[in-house]
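J.: Below you'll find work_21.cif; it's mmCIF, C-alpha atoms.
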data_my_file
loop_
_atom_site.label_atom_id
_atom_site.label_comp_id
_atom_site.auth_asym_id
_atom_site.auth_seq_id
_atom_site.Cartn_x
_atom_site.Cartn_y
_atom_site.Cartn_z
CA MET E 1 -193.50 -4.55 90.52
CA ALA E 2 -192.04 -1.23 91.58
CA SER E 3 -191.00 0.37 94.83
CA SER E 4 -191.58 4.09 95.32
CA THR E 5 -189.16 6.03 97.48
CA VAL E 6 -189.03 9.57 98.81
CA ASN E 7 -185.77 11.26 99.73
CA GLU E 8 -184.44 14.77 100.24
CA PRO E 9 -181.80 15.71 97.65
CA THR E 10 -179.60 18.74 97.62
CA ARG E 11 -180.51 21.42 95.06
CA ALA E 12 -178.32 23.92 93.29
CA PRO E 13 -178.93 27.60 94.18
CA GLY E 14 -181.52 29.41 92.02
CA LYS E 15 -181.16 32.67 90.09
CA SER E 16 -182.81 34.70 92.83
CA GLU E 17 -180.26 33.46 95.29
CA LEU E 18 -177.37 34.26 92.98
CA ARG E 19 -178.66 37.82 92.56
CA ASN E 20 -178.92 38.37 96.32
CA GLN E 21 -175.62 36.66 97.06
CA LYS E 22 -172.84 38.93 98.29
CA PRO E 23 -169.24 38.47 97.08
CA MET E 24 -167.17 36.48 99.56
CA PRO E 25 -163.74 37.63 100.65
CA ASP E 26 -160.72 35.68 99.33
CA ASP E 27 -159.38 35.00 102.86
CA ARG E 28 -161.76 32.06 103.42
CA ASP E 29 -160.58 28.45 103.26
CA GLU E 30 -161.71 26.12 100.46
CA SER E 31 -163.46 23.85 103.01
CA GLU E 32 -165.64 26.79 104.10
CA LEU E 33 -166.54 27.60 100.50
CA LEU E 34 -167.59 24.01 99.71
CA THR E 35 -169.71 23.39 102.84
CA VAL E 36 -173.26 24.65 103.26
CA PRO E 37 -173.71 26.62 106.50
CA ASP E 38 -175.98 25.12 109.15
CA GLY E 39 -179.58 26.32 109.06
CA TRP E 40 -179.34 27.61 105.47
CA LYS E 41 -182.47 27.13 103.36
CA GLU E 42 -182.98 27.86 99.70
CA PRO E 43 -185.56 30.60 99.11
CA ALA E 44 -188.80 29.47 97.49
CA PHE E 45 -189.35 30.09 93.78
CA SER E 46 -191.86 32.97 93.54
CA LYS E 47 -193.71 34.77 90.73
CA GLU E 48 -191.16 37.59 90.86
CA ASP E 49 -188.50 35.17 89.57
CA ASN E 50 -190.58 34.47 86.41
CA PRO E 51 -193.17 37.28 85.98
CA ARG E 52 -193.89 36.54 82.29
CA GLY E 53 -194.85 32.91 82.91
CA LEU E 54 -194.36 30.00 80.47
CA LEU E 55 -194.35 30.22 76.70
CA GLU E 56 -196.18 26.95 75.92
CA GLU E 57 -198.45 24.49 77.67
CA SER E 58 -196.97 21.22 78.99
CA SER E 59 -198.93 18.12 80.01
CA PHE E 60 -198.33 14.59 81.29
CA ALA E 61 -200.68 11.62 81.57
CA THR E 62 -200.43 8.23 83.29
CA LEU E 63 -202.66 5.16 83.59
CA PHE E 64 -203.81 3.64 86.87
CA PRO E 65 -205.08 0.11 87.72
CA LYS E 66 -208.74 -0.67 88.21
CA TYR E 67 -208.45 -1.27 91.97
CA ARG E 68 -207.21 2.36 92.49
CA GLU E 69 -210.31 3.87 90.91
CA ALA E 70 -212.36 4.07 94.13
CA TYR E 71 -209.53 5.70 96.12
CA LEU E 72 -208.67 8.23 93.39
CA LYS E 73 -212.32 9.14 92.96
CA GLU E 74 -212.51 9.87 96.68
CA CYS E 75 -209.32 11.95 97.02
CA TRP E 76 -209.34 13.68 93.62
CA PRO E 77 -210.84 16.99 94.97
CA LEU E 78 -207.84 17.21 97.33
CA VAL E 79 -205.46 16.57 94.42
CA GLN E 80 -207.05 19.36 92.36
CA LYS E 81 -206.93 21.75 95.32
CA ALA E 82 -203.20 21.06 95.91
CA LEU E 83 -202.34 21.55 92.22
CA ASN E 84 -204.51 24.66 91.79
CA GLU E 85 -202.33 26.42 94.36
CA HIS E 86 -199.49 26.09 91.80
CA HIS E 87 -201.81 26.95 88.85
CA VAL E 88 -201.80 23.40 87.42
CA ASN E 89 -204.94 21.69 86.10
CA ALA E 90 -205.65 18.01 86.84
CA THR E 91 -208.25 15.75 85.16
CA LEU E 92 -209.35 12.21 86.06
CA ASP E 93 -210.70 10.02 83.24
CA LEU E 94 -212.45 6.97 84.71
CA ILE E 95 -213.42 5.58 81.28
CA GLU E 96 -209.84 5.33 79.98
CA GLY E 97 -208.38 4.90 83.49
CA SER E 98 -205.91 7.78 83.22
CA MET E 99 -204.82 10.93 85.06
CA THR E 100 -203.62 14.09 83.27
CA VAL E 101 -201.88 17.23 84.53
CA CYS E 102 -201.18 20.36 82.44
CA THR E 103 -199.91 23.90 82.96
CA THR E 104 -201.98 27.07 82.54
CA LYS E 105 -201.30 30.68 81.59
CA LYS E 106 -200.86 31.57 85.26
CA THR E 107 -198.18 28.92 85.88
CA PHE E 108 -194.84 30.59 86.66
CA ASP E 109 -192.70 27.70 88.02
CA PRO E 110 -191.34 25.67 85.07
CA TYR E 111 -190.47 22.66 87.25
CA ILE E 112 -193.89 22.31 88.92
CA ILE E 113 -195.23 20.26 85.99
CA ILE E 114 -192.50 17.64 86.64
CA ARG E 115 -193.55 17.48 90.29
CA ALA E 116 -197.22 17.18 89.25
CA ARG E 117 -196.24 14.30 86.94
CA ASP E 118 -194.49 12.52 89.84
CA LEU E 119 -197.59 13.12 92.00
CA ILE E 120 -199.94 11.25 89.65
CA LYS E 121 -197.35 8.49 89.18
CA LEU E 122 -197.18 7.93 92.93
CA LEU E 123 -200.97 7.93 93.22
CA ALA E 124 -201.16 5.31 90.44
CA ARG E 125 -198.66 3.11 92.33
CA SER E 126 -200.72 2.78 95.54
CA VAL E 127 -199.04 5.65 97.46
CA SER E 128 -201.45 7.49 99.72
CA PHE E 129 -202.36 11.11 98.95
CA GLU E 130 -200.86 12.35 102.25
CA GLN E 131 -197.44 11.00 101.27
CA ALA E 132 -197.63 11.71 97.54
CA VAL E 133 -198.55 15.41 97.95
CA ARG E 134 -195.20 16.02 99.66
CA ILE E 135 -193.55 15.76 96.23
CA LEU E 136 -194.78 19.31 95.49
CA GLN E 137 -192.32 20.66 98.07
CA ASP E 138 -188.93 21.93 96.86
CA ASP E 139 -186.84 19.84 99.26
CA VAL E 140 -188.54 16.50 98.47
CA ALA E 141 -188.02 14.19 95.48
CA CYS E 142 -189.07 10.65 94.56
CA ASP E 143 -187.59 7.72 92.69
CA ILE E 144 -189.60 4.81 91.23
CA ILE E 145 -187.50 1.66 91.06
CA LYS E 146 -188.72 -1.17 88.83
CA ILE E 147 -187.65 -4.40 90.52
CA GLY E 148 -189.91 -6.85 88.67
CA SER E 149 -187.27 -7.82 86.10
CA LEU E 150 -184.25 -7.98 88.43
CA VAL E 151 -184.84 -11.55 89.71
CA ARG E 152 -186.15 -14.36 87.52
CA ASN E 153 -187.06 -16.85 90.23
CA LYS E 154 -190.42 -15.90 91.72
CA GLU E 155 -189.73 -17.38 95.18
CA ARG E 156 -186.43 -15.52 95.49
CA PHE E 157 -188.08 -12.32 94.27
CA VAL E 158 -190.79 -12.52 96.97
CA LYS E 159 -188.23 -13.22 99.74
CA ARG E 160 -185.94 -10.34 98.72
CA ARG E 161 -188.83 -7.93 98.26
CA GLN E 162 -190.04 -8.81 101.77
CA ARG E 163 -186.72 -7.51 103.18
CA LEU E 164 -187.52 -4.02 101.84
CA ILE E 165 -190.92 -3.75 103.55
CA GLY E 166 -190.66 -1.96 106.87
CA PRO E 167 -193.18 -1.25 109.66
CA LYS E 168 -196.76 -0.52 108.54
CA GLY E 169 -195.87 -1.34 104.92
CA SER E 170 -193.34 1.49 104.49
CA THR E 171 -190.44 0.74 102.15
CA LEU E 172 -186.77 1.67 102.37
CA LYS E 173 -186.00 5.11 100.91
CA VAL E 174 -182.59 4.68 99.28
CA ARG E 175 -182.18 3.40 95.73
CA LYS E 176 -178.85 1.64 96.37
CA VAL E 177 -180.34 -0.31 99.27
CA VAL E 178 -183.24 -1.49 97.12
CA LEU E 179 -181.07 -2.55 94.18
CA ASP E 180 -178.50 -4.31 96.40
CA THR E 181 -181.26 -6.18 98.18
CA MET E 182 -182.50 -7.58 94.88
CA LYS E 183 -178.89 -8.70 94.25
CA ASN E 184 -179.05 -10.78 97.46
CA ILE E 185 -177.20 -8.24 99.66
CA HIS E 186 -179.07 -7.83 102.94
CA PRO E 187 -180.25 -4.23 103.61
CA ILE E 188 -178.81 -4.25 107.14
CA TYR E 189 -175.29 -3.72 105.72
CA ASN E 190 -176.23 -0.59 103.78
CA ILE E 191 -178.39 0.72 106.63
CA LYS E 192 -175.46 0.43 109.05
CA THR E 193 -173.25 2.35 106.62
CA LEU E 194 -175.86 5.11 106.32
CA MET E 195 -176.13 5.41 110.10
CA ILE E 196 -172.37 5.82 110.41
CA LYS E 197 -172.35 8.49 107.66
CA ARG E 198 -175.11 10.40 109.43
CA GLU E 199 -173.11 10.50 112.66
CA LEU E 200 -169.92 11.53 110.82
CA ALA E 201 -171.75 14.37 109.06
CA LYS E 202 -172.50 15.96 112.44
CA ASP E 203 -168.76 16.44 113.12
CA SER E 204 -167.53 19.63 111.44
CA GLU E 205 -163.87 18.46 111.41
CA LEU E 206 -164.63 15.23 109.52
CA ARG E 207 -166.85 16.75 106.82
CA SER E 208 -163.97 17.44 104.43
CA GLN E 209 -162.11 14.17 105.18
CA SER E 210 -162.46 10.72 103.69
CA TRP E 211 -164.79 8.41 105.64
CA GLU E 212 -163.56 5.12 104.22
CA ARG E 213 -161.63 4.23 107.38
CA PHE E 214 -164.81 4.52 109.46
CA LEU E 215 -167.13 2.60 107.16
CA PRO E 216 -167.44 -1.19 107.63
CA GLN E 217 -166.17 -3.47 104.87
CA PHE E 218 -168.58 -6.35 104.31
CA LYS E 219 -167.48 -9.34 102.25
CA HIS E 220 -170.14 -10.79 100.03
CA LYS E 221 -170.27 -14.57 100.36
CA ASN E 222 -172.56 -16.27 97.92
CA VAL E 223 -172.71 -19.96 98.79
CA ASN E 224 -174.79 -21.91 96.35
CA LYS E 225 -176.46 -24.84 98.04
CA ARG E 226 -177.22 -27.33 95.33
CA LYS E 227 -180.45 -29.17 95.89
CA GLU E 228 -180.19 -32.93 95.57
CA PRO E 229 -182.70 -34.47 93.18
CA LYS E 230 -185.50 -36.54 94.67
CA LYS E 231 -184.99 -39.38 92.20
CA LYS E 232 -181.35 -40.32 91.87
CA THR E 233 -180.57 -42.03 88.58
CA VAL E 234 -177.87 -44.70 88.79
CA LYS E 235 -175.67 -44.75 85.74
CA LYS E 236 -175.22 -48.12 84.10
CA GLU E 237 -171.81 -49.52 83.35
CA TYR E 238 -170.45 -48.49 80.00
CA THR E 239 -170.48 -51.16 77.32
CA PRO E 240 -169.27 -50.67 73.75
CA PHE E 241 -172.10 -52.83 72.42
CA PRO E 242 -175.48 -51.27 71.67
CA PRO E 243 -178.56 -52.48 73.59
CA PRO E 244 -180.55 -55.36 72.05
CA GLN E 245 -183.29 -54.32 69.67
CA PRO E 246 -186.77 -54.75 71.23
CA GLU E 247 -189.08 -57.33 69.64
CA SER E 248 -191.77 -55.99 67.38
CA GLN E 249 -195.39 -57.15 67.43
CA THR E 250 -194.76 -59.30 64.36
CA ASP E 251 -191.83 -61.05 66.05
CA LYS E 252 -193.97 -61.82 69.08
CA GLU E 253 -196.75 -63.27 66.87
CA LEU E 254 -194.25 -65.42 64.98
CA ALA E 255 -192.81 -66.78 68.24
CA SER E 256 -196.27 -67.66 69.63
CA GLY E 257 -197.62 -68.91 66.30
CA GLU E 258 -200.46 -66.34 66.11
CA TYR E 259 -199.03 -64.94 62.89
CA PHE E 260 -200.14 -68.02 60.93
CA LEU E 261 -203.70 -68.06 62.32
CA LYS E 262 -206.68 -66.85 60.36
CA ALA E 263 -208.56 -63.67 61.23
CA SER E 264 -211.51 -65.65 62.63
CA GLN E 265 -209.21 -67.73 64.81
CA LYS E 266 -207.46 -64.63 66.14
CA LYS E 267 -210.83 -63.06 66.92
CA ARG E 268 -211.93 -66.22 68.74
CA GLN E 269 -208.75 -66.22 70.83
CA LYS E 270 -209.27 -62.59 71.80
CA MET E 271 -212.87 -63.28 72.83
CA GLU E 272 -211.78 -66.26 74.93
CA ALA E 273 -209.10 -64.16 76.65
CA ILE E 274 -211.66 -61.44 77.37
CA LYS E 275 -214.14 -63.98 78.76
CA ALA E 276 -211.44 -65.54 80.94
CA LYS E 277 -210.60 -62.13 82.41
CA GLN E 278 -214.28 -61.36 82.98
CA ALA E 279 -214.78 -64.72 84.73
CA GLU E 280 -211.75 -64.05 86.96
CA VAL E 281 -213.01 -60.58 87.92
CA LEU E 282 -216.51 -61.96 88.55
CA SER E 283 -215.20 -64.71 90.85
CA LYS E 284 -213.20 -62.13 92.85
CA ARG E 285 -216.31 -59.97 93.30
CA GLN E 286 -218.38 -62.95 94.45
CA GLU E 287 -215.71 -63.89 97.00
CA GLU E 288 -215.71 -60.35 98.38
CA ARG E 289 -219.52 -60.40 98.66
CA LYS E 290 -219.48 -63.79 100.46
CA LYS E 291 -217.05 -62.46 103.06
CA ALA E 292 -219.86 -60.33 104.53
CA PHE E 293 -221.98 -63.45 105.18
CA ILE E 294 -219.23 -65.57 106.79
CA PRO E 295 -219.82 -65.63 110.60
CA PRO E 296 -216.86 -64.77 112.79
CA LYS E 297 -215.16 -67.49 114.78
CA GLU E 298 -216.56 -67.81 118.29
CA LYS E 299 -214.25 -68.12 121.25
CA PRO E 300 -214.43 -71.47 123.15
CA VAL E 301 -216.42 -71.40 126.42
CA VAL E 302 -214.23 -71.95 129.47
CA LYS E 303 -215.95 -74.05 132.20
CA PRO E 304 -215.35 -73.00 135.84
CA ARG E 305 -213.17 -75.44 137.77
CA GLU E 306 -214.74 -77.29 140.72
CA ALA E 307 -213.24 -76.54 144.11
CA SER E 308 -211.10 -79.50 145.25
CA THR E 309 -211.69 -81.14 148.62
CA GLU E 310 -208.11 -80.44 149.66
CA THR E 311 -208.57 -76.73 149.39
CA LYS E 312 -211.92 -76.66 151.30
CA VAL E 313 -211.87 -74.70 154.58
CA ASP E 314 -212.74 -76.64 157.80
CA VAL E 315 -215.19 -74.22 159.43
CA ALA E 316 -215.78 -76.44 162.53
CA ALA E 317 -212.06 -76.53 163.42
CA ILE E 318 -211.81 -72.75 163.13
CA LYS E 319 -214.78 -72.28 165.47
CA GLU E 320 -213.17 -74.55 168.15
CA LYS E 321 -209.92 -72.55 167.95
CA ILE E 322 -211.84 -69.31 168.46
CA LYS E 323 -213.65 -70.72 171.54
CA LYS E 324 -210.38 -71.89 173.09
CA ALA E 325 -208.84 -68.50 172.48
CA LYS E 326 -211.77 -66.77 174.25
CA ASN E 327 -211.63 -69.08 177.29
CA LYS E 328 -207.87 -68.76 177.58
CA LYS E 329 -206.64 -65.96 179.83
CA LEU E 330 -203.91 -63.67 178.75
CA GLY E 331 -200.52 -65.06 179.89
CA ALA E 332 -201.99 -68.47 181.05
CA LEU E 333 -200.24 -71.73 180.03
CA THR E 334 -201.86 -74.43 177.99
CA ALA E 335 -202.49 -77.94 179.36
CA GLU E 336 -199.47 -79.39 177.56
CA GLU E 337 -197.22 -76.62 178.85
CA VAL E 338 -198.44 -77.27 182.43
CA LYS E 339 -197.59 -81.03 182.16
CA LEU E 340 -194.13 -80.26 180.83
CA LYS E 341 -193.50 -77.82 183.68
CA MET E 342 -194.58 -80.36 186.31
CA GLU E 343 -192.23 -83.02 184.86
CA VAL E 344 -189.32 -80.57 184.96
CA ASP E 345 -190.03 -79.73 188.66
CA GLU E 346 -190.09 -83.42 189.66
CA LYS E 347 -186.73 -84.05 187.96
CA LYS E 348 -185.19 -81.13 189.91
CA LYS E 349 -186.48 -82.49 193.23
CA LYS E 350 -184.99 -85.95 192.53
CA LYS E 351 -181.59 -84.45 191.76
CA LYS E 352 -181.58 -82.54 195.08
CA LYS E 353 -182.25 -85.75 197.09
#
How does this structure look as structure tokens?
T.:
Amino acid sequence: MASSTVNEPTRAPGKSELRNQKPMPDDRDESELLTVPDGWKEPAFSKEDNPRGLLEESSFATLFPKYREAYLKECWPLVQKALNEHHVNATLDLIEGSMTVCTTKKTFDPYIIIRARDLIKLLARSVSFEQAVRILQDDVACDIIKIGSLVRNKERFVKRRQRLIGPKGSTLKVRKVVLDTMKNIHPIYNIKTLMIKRELAKDSELRSQSWERFLPQFKHKNVNKRKEPKKKTVKKEYTPFPPPQPESQTDKELASGEYFLKASQKKRQKMEAIKAKQAEVLSKRQEERKKAFIPPKEKPVVKPREASTETKVDVAAIKEKIKKAKNKKLGALTAEEVKLKMEVDEKKKKKKK
């Protein structure tokens, strides 16, 4: 496995620039001499810088996997067109599965063959043509980091590689971040440091100073969580005596008396043991078959209880009560109440006399 990155390195000034450069006065500070002025761009390498061209032809070739064949076949005319602008030939061999780039007599830039080599390497490693063709620019470079051999454990390798993958499958573009991630250092720490450096670079006063006091100091804590085994083995108590020697087959035959039997008798015993086992298995099968024909136990039928005479309702008595209630006027006294009232009135009259 490998991760391809694209970054923008600084480049030393070319010969054309040195020729056109004017001598600087000695009154300038050292900080001004070391810093690159804002908005400065290196002039492009032209044919005037190398009018005689190259002395010998240079070429590079690289292999590509089978699954990239369809994509390369489709975008190869665009690759040839981009390289022809720099006078570099490109050939695609589908039989051998290789790509080759070589210089021509018209090639004037000696470094363009290195950029063409990086272009076919990126195309072989599943980088799209739109991104890979940027390597032909002077201010763009690439770095292919092989991370397949950095972590032995496959599960850890997959988890740490997943941290490098950004939105839409784009990977992080700094080599240190990639290598530290494979060493179990999360990329967020390095990304935060890079963001702080980018902000400090904008300040002209802090360019020539040390940035260590502004950068965060992260302590690496590697806590190994030991996994407990599923089957815990309990150690036996130590004894100076060796374990007893297991009995051999001959010892077992001597103890049971089979050792002194003849071959025919031993054979007969084996056959009897086999028949006994067969009879036992056969009886178990027959019992299982008979279970299907055994009827289930029926629940006992519960007879309904006869209504007792005590609990029977007297319909005639209820009808008489209803008739009396209909004939009775609201607020009127019953016959018994009338008799009691008359007796009370007579007693009062006697007391008055």
J.: Between E:Ala201, E:Leu282, E:Leu55, E:Ile147, which one has atoms that come closest to Val178 (chain E), using all atoms listed in the file?
T.: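 Between E:Ala201, E:Leu282, E:Leu55, E:Ile147, the residue approaching Val178 (chain E) most closely is E:Ile147.
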J.: Rounded to one decimal place, report the CA of Ile145 (chain E)-CA of Tyr71 (chain E) distance in Å.
T.: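 About the pair CA of Ile145 (chain E) and CA of Tyr71 (chain E): they are 23.0 Å apart.
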J.: Which of these residues is nearest to Tyr189 (chain E), using all atoms listed in the file: E:Trp211, E:Lys348, E:Gln217, E:Arg68?
T.: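 Counting all atoms listed in the file, the residue closest to Tyr189 (chain E) is E:Gln217.
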J.: Choose the residue, out of E:Arg117, E:Arg161, E:Lys321, E:Lys73, that has the smallest atom-to-atom separation from Ala61 (chain E); count all atoms listed in the file.
T.: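 Looking only at the distances to Ala61 (chain E), the closest residue turns out to be E:Arg117.
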J.: What does the PyMOL selection byres ((chain E and resi 96) around 12) select in this file, as an MDAnalysis selection string?
T.: chainID E and resid 61:66 69 91:95 97:100
J.: Quick one: pull the distance between CA of Cys142 (chain E) and CA of Ser126 (chain E), Å, one decimal.
T.: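 One can read the CA of Cys142 (chain E) to CA of Ser126 (chain E) distance as 14.1 Å.
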J.: Please indicate the distance in Å from CA of Val133 (chain E) to CA of Ile188 (chain E), rounded to one decimal place.
T.: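 Between CA of Val133 (chain E) and CA of Ile188 (chain E) the gap is 29.3 Å.
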J.: Can you list, as a list in words, every protein, DNA or RNA residue that comes within 12 Å of Asn84 (chain E) when you count only C-alpha atoms, leaving out same-chain residues fewer than 3 positions away?
T.: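 With the cut-off at 12 Å, the set is Pro77, Leu78, Val79, Gln80, Lys81, His87, Val88, Asn89, Ala90, Thr91, Val101, Cys102, Thr103, Thr104, Lys106, Thr107, Ile112, Ile113, Ala116 and Leu136 of chain E.
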